[in-house]
Every structure is written in C-alpha cells, then in structure tokens.
>>> print(open('coords-v4.txt').read())   # compact mmCIF, C-alpha atoms
# COMPACT_ATOMS: atom_id res chain seq x y z
CA MET A 1 6.73 55.97 11.73
CA SER A 2 7.21 56.67 8.05
CA ILE A 3 4.29 58.54 6.55
CA GLN A 4 4.45 58.77 2.78
CA ALA A 5 1.21 60.66 2.13
CA VAL A 6 -1.11 63.16 3.76
CA LEU A 7 -4.71 63.06 2.56
CA PHE A 8 -6.85 66.14 3.14
CA ASP A 9 -10.48 67.13 2.96
CA PHE A 10 -10.82 70.51 1.21
CA ASP A 11 -13.63 72.84 2.38
CA GLY A 12 -12.97 73.95 5.95
CA THR A 13 -9.68 72.04 6.00
CA LEU A 14 -7.39 73.44 3.32
CA ALA A 15 -9.48 76.41 2.24
CA ASP A 16 -11.86 78.74 4.04
CA THR A 17 -14.49 78.20 1.35
CA LEU A 18 -17.44 77.23 3.54
CA PRO A 19 -18.69 80.83 3.99
CA VAL A 20 -18.59 81.32 0.20
CA SER A 21 -20.43 78.04 -0.35
CA PHE A 22 -23.04 78.81 2.31
CA SER A 23 -23.70 82.22 0.78
CA ALA A 24 -24.14 80.83 -2.73
CA PHE A 25 -26.43 78.03 -1.57
CA LYS A 26 -28.57 80.40 0.48
CA ALA A 27 -28.99 82.72 -2.49
CA VAL A 28 -30.17 80.02 -4.89
CA PHE A 29 -32.45 78.35 -2.35
CA LYS A 30 -34.03 81.73 -1.66
CA GLN A 31 -34.38 82.76 -5.29
CA TYR A 32 -35.55 79.51 -6.85
CA ASP A 33 -37.09 77.54 -3.98
CA ASN A 34 -38.30 80.43 -1.80
CA ARG A 35 -36.55 78.87 1.20
CA GLU A 36 -34.37 80.35 3.91
CA VAL A 37 -31.80 77.71 4.80
CA THR A 38 -29.35 77.89 7.71
CA ASN A 39 -25.72 76.88 7.79
CA ASP A 40 -26.62 73.86 9.91
CA GLU A 41 -29.26 72.79 7.40
CA LEU A 42 -26.74 73.07 4.61
CA VAL A 43 -24.11 71.08 6.51
CA ALA A 44 -26.70 68.33 6.96
CA MET A 45 -27.09 68.26 3.16
CA PHE A 46 -23.33 68.03 2.56
CA GLY A 47 -21.77 64.83 1.26
CA PRO A 48 -22.95 64.77 -2.36
CA THR A 49 -21.78 67.26 -4.99
CA GLU A 50 -23.28 70.71 -5.34
CA GLU A 51 -25.43 69.50 -8.23
CA ASP A 52 -26.81 66.67 -6.15
CA ILE A 53 -27.42 68.90 -3.13
CA ILE A 54 -29.51 71.29 -5.21
CA GLY A 55 -31.17 68.55 -7.23
CA GLY A 56 -31.96 66.51 -4.15
CA ASN A 57 -33.25 69.34 -1.98
CA PHE A 58 -35.00 71.83 -4.27
CA LYS A 59 -38.74 71.44 -4.04
CA ASP A 60 -39.10 73.22 -7.38
CA LYS A 61 -37.45 70.65 -9.66
CA ALA A 62 -37.97 72.85 -12.73
CA SER A 63 -35.48 75.34 -11.28
CA VAL A 64 -32.71 72.85 -10.53
CA LEU A 65 -30.57 73.42 -13.64
CA GLN A 66 -30.69 77.21 -13.39
CA GLY A 67 -30.08 77.00 -9.65
CA ILE A 68 -26.95 74.94 -10.27
CA GLN A 69 -25.60 77.38 -12.83
CA ASP A 70 -26.27 80.34 -10.56
CA TYR A 71 -24.66 78.55 -7.62
CA TYR A 72 -21.41 78.12 -9.52
CA SER A 73 -21.45 81.72 -10.72
CA LEU A 74 -21.94 83.02 -7.18
CA TYR A 75 -19.42 80.56 -5.75
CA GLU A 76 -16.74 81.63 -8.21
CA LYS A 77 -17.45 85.33 -7.66
CA GLY A 78 -17.08 84.85 -3.91
CA HIS A 79 -13.42 83.86 -4.33
CA PHE A 80 -12.60 87.34 -5.59
CA GLU A 81 -14.18 89.33 -2.78
CA GLU A 82 -11.73 91.50 -0.85
CA ASP A 83 -11.90 89.46 2.35
CA PHE A 84 -11.27 86.06 0.72
CA GLN A 85 -7.63 85.02 0.98
CA PRO A 86 -5.72 81.74 1.22
CA ASP A 87 -4.46 80.83 4.67
CA GLN A 88 -0.72 81.41 4.71
CA GLY A 89 -0.09 78.76 7.38
CA ILE A 90 -1.77 76.12 5.23
CA MET A 91 0.12 77.23 2.13
CA ASP A 92 3.39 77.01 4.06
CA LEU A 93 2.45 73.52 5.27
CA LEU A 94 1.73 72.33 1.74
CA HIS A 95 5.03 73.78 0.52
CA LEU A 96 6.86 72.00 3.34
CA LEU A 97 5.26 68.63 2.69
CA LYS A 98 5.75 68.89 -1.04
CA GLY A 99 9.37 69.86 -0.58
CA GLN A 100 9.93 66.80 1.60
CA GLY A 101 8.55 64.48 -1.09
CA VAL A 102 5.38 63.61 0.83
CA LYS A 103 2.49 62.70 -1.47
CA LEU A 104 -0.51 65.00 -1.11
CA ALA A 105 -4.09 64.09 -1.93
CA VAL A 106 -7.52 65.69 -1.57
CA ILE A 107 -10.68 63.68 -0.97
CA THR A 108 -13.64 66.04 -1.20
CA GLY A 109 -17.36 65.82 -1.72
CA LYS A 110 -17.16 68.90 -3.97
CA SER A 111 -17.74 68.52 -7.66
CA ARG A 112 -14.63 68.77 -9.80
CA ARG A 113 -16.00 72.01 -11.22
CA ALA A 114 -16.21 73.61 -7.76
CA PHE A 115 -12.85 72.17 -6.72
CA GLU A 116 -11.15 73.63 -9.79
CA ILE A 117 -12.77 77.03 -9.16
CA SER A 118 -11.32 77.09 -5.65
CA THR A 119 -7.88 75.67 -6.35
CA GLY A 120 -7.51 77.93 -9.36
CA ALA A 121 -8.41 81.05 -7.39
CA LEU A 122 -6.11 80.03 -4.53
CA ASN A 123 -3.22 78.77 -6.70
CA MET A 124 -3.32 75.39 -4.94
CA MET A 125 -3.79 72.86 -7.73
CA ASP A 126 -0.10 72.09 -8.30
CA PHE A 127 0.35 70.81 -4.76
CA PHE A 128 -1.74 67.68 -5.16
CA ASP A 129 -0.68 64.34 -6.58
CA ILE A 130 -4.23 62.96 -6.43
CA THR A 131 -7.63 64.64 -6.21
CA ILE A 132 -10.75 62.59 -5.64
CA THR A 133 -13.90 64.69 -5.94
CA GLY A 134 -17.54 63.88 -5.47
CA ASP A 135 -17.74 63.19 -9.20
CA ASP A 136 -15.21 60.38 -8.84
CA VAL A 137 -17.04 58.19 -6.29
CA ASP A 138 -20.34 56.41 -6.00
CA ARG A 139 -20.46 56.75 -2.21
CA PRO A 140 -19.33 60.05 -0.65
CA LYS A 141 -17.88 60.43 2.82
CA PRO A 142 -18.48 59.10 5.44
CA ASP A 143 -17.95 56.10 3.15
CA PRO A 144 -14.19 55.50 2.74
CA GLU A 145 -14.43 54.84 -1.02
CA GLY A 146 -12.58 58.02 -1.98
CA ILE A 147 -9.76 57.38 0.49
CA HIS A 148 -9.36 53.80 -0.72
CA LYS A 149 -9.29 55.03 -4.32
CA ALA A 150 -6.57 57.58 -3.56
CA LEU A 151 -4.43 55.04 -1.73
CA ASN A 152 -4.84 52.56 -4.58
CA ILE A 153 -3.71 55.13 -7.13
CA LEU A 154 -0.73 56.08 -4.94
CA GLY A 155 0.12 52.42 -4.32
CA LEU A 156 0.09 52.90 -0.56
CA ASP A 157 -1.32 51.02 2.43
CA PRO A 158 -3.43 52.78 5.10
CA ALA A 159 -0.45 52.66 7.46
CA ASP A 160 1.51 54.81 5.02
CA ALA A 161 -0.85 57.79 5.20
CA VAL A 162 -2.86 60.08 7.47
CA PHE A 163 -6.18 61.77 6.76
CA VAL A 164 -7.11 65.30 7.86
CA GLY A 165 -10.61 66.83 7.85
CA ASP A 166 -12.97 69.20 9.60
CA SER A 167 -16.23 67.23 9.60
CA ASN A 168 -17.73 64.25 11.36
CA ALA A 169 -18.00 62.57 7.95
CA ASP A 170 -14.26 63.06 7.42
CA ILE A 171 -13.40 61.42 10.72
CA LEU A 172 -15.74 58.51 10.07
CA ALA A 173 -14.31 57.99 6.57
CA GLY A 174 -10.69 58.16 7.68
CA LYS A 175 -11.18 55.77 10.57
CA ALA A 176 -13.20 53.37 8.40
CA ALA A 177 -10.33 53.34 5.92
CA GLY A 178 -7.88 52.44 8.68
CA LEU A 179 -5.85 55.67 8.61
CA ARG A 180 -4.66 57.80 11.44
CA THR A 181 -7.26 60.55 11.22
CA TYR A 182 -7.12 64.09 12.57
CA GLY A 183 -9.86 66.66 13.09
CA VAL A 184 -9.04 70.30 12.42
CA ARG A 185 -10.64 73.56 13.52
CA TRP A 186 -8.06 75.99 12.23
CA LEU A 187 -10.08 78.04 9.74
CA SER A 188 -12.84 80.58 10.40
CA THR A 189 -15.60 78.07 9.58
CA PHE A 190 -15.56 74.30 10.04
CA GLN A 191 -18.30 71.71 10.01
CA SER A 192 -18.18 69.68 13.23
CA LEU A 193 -17.55 70.26 16.92
CA VAL A 194 -18.37 66.66 17.89
CA TYR A 195 -17.60 63.37 16.21
CA ASP A 196 -19.26 59.97 16.23
CA VAL A 197 -15.84 58.35 16.63
CA SER A 198 -12.79 59.88 18.24
CA PRO A 199 -10.10 61.21 15.90
CA ASP A 200 -6.46 60.55 16.67
CA GLY A 201 -6.03 64.23 17.44
CA ILE A 202 -7.73 67.59 17.07
CA PHE A 203 -5.85 70.70 15.97
CA SER A 204 -6.94 74.31 16.36
CA ASN A 205 -4.00 75.76 14.45
CA VAL A 206 -1.72 74.65 11.65
CA ASP A 207 1.45 74.95 13.72
CA GLU A 208 0.23 72.20 16.07
CA PHE A 209 -0.22 69.82 13.16
CA ARG A 210 3.12 70.82 11.70
CA GLU A 211 4.75 69.97 15.02
CA LEU A 212 3.13 66.54 14.97
CA LEU A 213 4.54 65.94 11.49
CA ALA A 214 8.01 67.02 12.57
CA LYS A 215 7.98 64.78 15.65
CA GLU A 216 6.03 61.71 14.57
CA ILE A 217 6.60 61.59 10.84
CA ARG A 218 10.12 62.94 11.01
CA ILE A 219 9.57 65.68 8.50
CA GLN A 220 12.09 68.39 9.11
CA ASP A 221 12.00 72.01 8.03
CA ASN A 222 14.54 72.90 5.36
>>> encode(input="coords-v4.txt", output="structure tokens")
Amino acid sequence: MSIQAVLFDFDGTLADTLPVSFSAFKAVFKQYDNREVTNDELVAMFGPTEEDIIGGNFKDKASVLQGIQDYYSLYEKGHFEEDFQPDQGIMDLLHLLKGQGVKLAVITGKSRRAFEISTGALNMMDFFDITITGDDVDRPKPDPEGIHKALNILGLDPADAVFVGDSNADILAGKAAGLRTYGVRWLSTFQSLVYDVSPDGIFSNVDEFRELLAKEIRIQDN
C-alpha cells in the first residue's frame, strides 16, 4: 500500500492542548456566564470554533465578545506554563514523515487563530502542507467536508491517505470520507474512549503507529 499523505486532527492528537483549552473555557464561562462547566460538557460543545462555542453556549450574549477575547488570551498564556511541552515522540514522527516526502495535513475544528497560537508556540507550523481549520469549512467534523477539502487541494484520492484523531467525531469523519482511520490515545488528555463506528486501529503510543507506517506504508527510518 502506498500512502502519500497522513491527515491529523490537532487537539489531543498532535498536541496536548486540551487541558489548556479546558482551563480557558472554564475561566470565561465562570467569569462571564456564572457557570461551572465540566470537561465532558465542553467536549460535547466541541466541533465548531472557539468563537462559535462561546457564542452558541453563553447565556449572557452581551459578554460573548469579551469572553472570546479573554479565552484567546488565557489559551495563549497556557502554552507558556512550565508544564506545557511538545511531545517528543510526535515531533519525531512528523520529522520522519516529512523527511520521507509524505504530505502532512491537519483538519481541526479550532479557529485559525487558536491553531496558529498552538503551532507557533510548539514550532509545528512548518510541518504541514495543508491546514483546514474550523474557519475553512461550513460543516465541522463529524462531517467529512474538511477531509475532502484537504484531499482535493493535495490532488489525492481517499485511498492515498490515512486520517488520525482522538475523538468520536474524528473517526466518523475519516470513515465517512473513505479513509483508513485510526484512533489515538497517546497524549495525557483525549476526547473519546468509545466510537460510534470502529476505527481501523487504536494506538496508545506513538511508537505503535510508527511501526504501522513502517510495515504497511513502507516508510523506513533514515
């Protein structure tokens, strides 16, 4: 099998940004909407961009714009806390794939603003040939629109690529797009333990996925 591209989700898949996002959301919901929200409640809101999550779920609509601005400020600040670091195994995987000429894409529900905050802080932006954010689609995952858009830009068929994500929505989107789709649980926080459809594999560490690439996609270490 010749795989020409690997498409990734971002939060909980390539970067351990979910705790930072949860913290920022909880702070603005508490301050401006006087609501205590749980991680599970936030995950249920995920899909749209950060702006749409706040705009669609704040009861106090007058506070939406300030809540959005504060969210981004807190989210960015969280990337520079002492305990926030890129995952070295993921960085090594991206280096390997890039070095082998495999196209890399991200399909994320994040806004481009949030995506650029994270990739800038983690020095990840240069890895990706295509990035499709929540600002670039009308229908977020689990709709496959973003995956189809990335494949169209790359000029590839579904058989030429695989999709990797941590959430039920990721698995649904990848399977709906006709890609081999893998669930991952290799970072400290991920979104889903169960899926509505079965992924083609589930990986609890990056090395397992790297082994699959070496064996099934014939990518070899330099």
>>> closest_residue(input="coords-v4.txt", among="A:Ser23, A:Thr38, A:Asn205, A:Thr119", to="Pro86 in chain A", atoms="all atoms listed in the file")
A:Thr119
>>> axis_aligned_box(input="coords-v4.txt", around="range 165-170 of chain A", padding_each_side="6 Å", output="JSON")
{"center_x": -14.3, "center_y": 65.9, "center_z": 9.4, "size_x": 19.4, "size_y": 18.6, "size_z": 15.9}
>>> residues_around(input="coords-v4.txt", residues="Ser63 in chain A", least_positions_apart="6", cutoff="10 Å", atoms="only C-alpha atoms", output="list in words")
Val28, Phe29, Gln31, Tyr32, Asp33, Ile54 and Gly55 of chain A
>>> closest_residue(input="coords-v4.txt", among="A:Phe163, A:Phe46, A:Phe127, A:Tyr72", to="Ile90 in chain A", atoms="all atoms listed in the file")
A:Phe127
>>> closest_atom_pairs(input="coords-v4.txt", of="range 80-168 of chain A", to="range 10-16 of chain A", cutoff="8 Å", atoms="only C-alpha atoms", output="JSON lines")
{"residue": "A:Pro86", "atom": "CA", "partner": "A:Ala15", "partner_atom": "CA", "distance": 6.6}
{"residue": "A:Asp87", "atom": "CA", "partner": "A:Ala15", "partner_atom": "CA", "distance": 7.1}
{"residue": "A:Ile90", "atom": "CA", "partner": "A:Leu14", "partner_atom": "CA", "distance": 6.5}
{"residue": "A:Val106", "atom": "CA", "partner": "A:Phe10", "partner_atom": "CA", "distance": 6.5}
{"residue": "A:Ile107", "atom": "CA", "partner": "A:Phe10", "partner_atom": "CA", "distance": 7.2}
{"residue": "A:Thr108", "atom": "CA", "partner": "A:Phe10", "partner_atom": "CA", "distance": 5.8}
{"residue": "A:Val164", "atom": "CA", "partner": "A:Thr13", "partner_atom": "CA", "distance": 7.4}
{"residue": "A:Gly165", "atom": "CA", "partner": "A:Thr13", "partner_atom": "CA", "distance": 5.6}
{"residue": "A:Asp166", "atom": "CA", "partner": "A:Thr13", "partner_atom": "CA", "distance": 5.6}
>>> atom_distance(input="coords-v4.txt", atom1="CA of Asp40 in chain A", atom2="CA of Met125 in chain A")
28.9 Å
>>> residues_around(input="coords-v4.txt", residues="range 73-84 of chain A", least_positions_apart="6", cutoff="10 Å", atoms="all atoms listed in the file", output="PyMOL selection string")
chain A and resi 15-17+19-25+27-28+67+114+116-118+120-122
>>> atom_distance(input="coords-v4.txt", atom1="CA of Val137 in chain A", atom2="CA of Arg113 in chain A")
14.7 Å
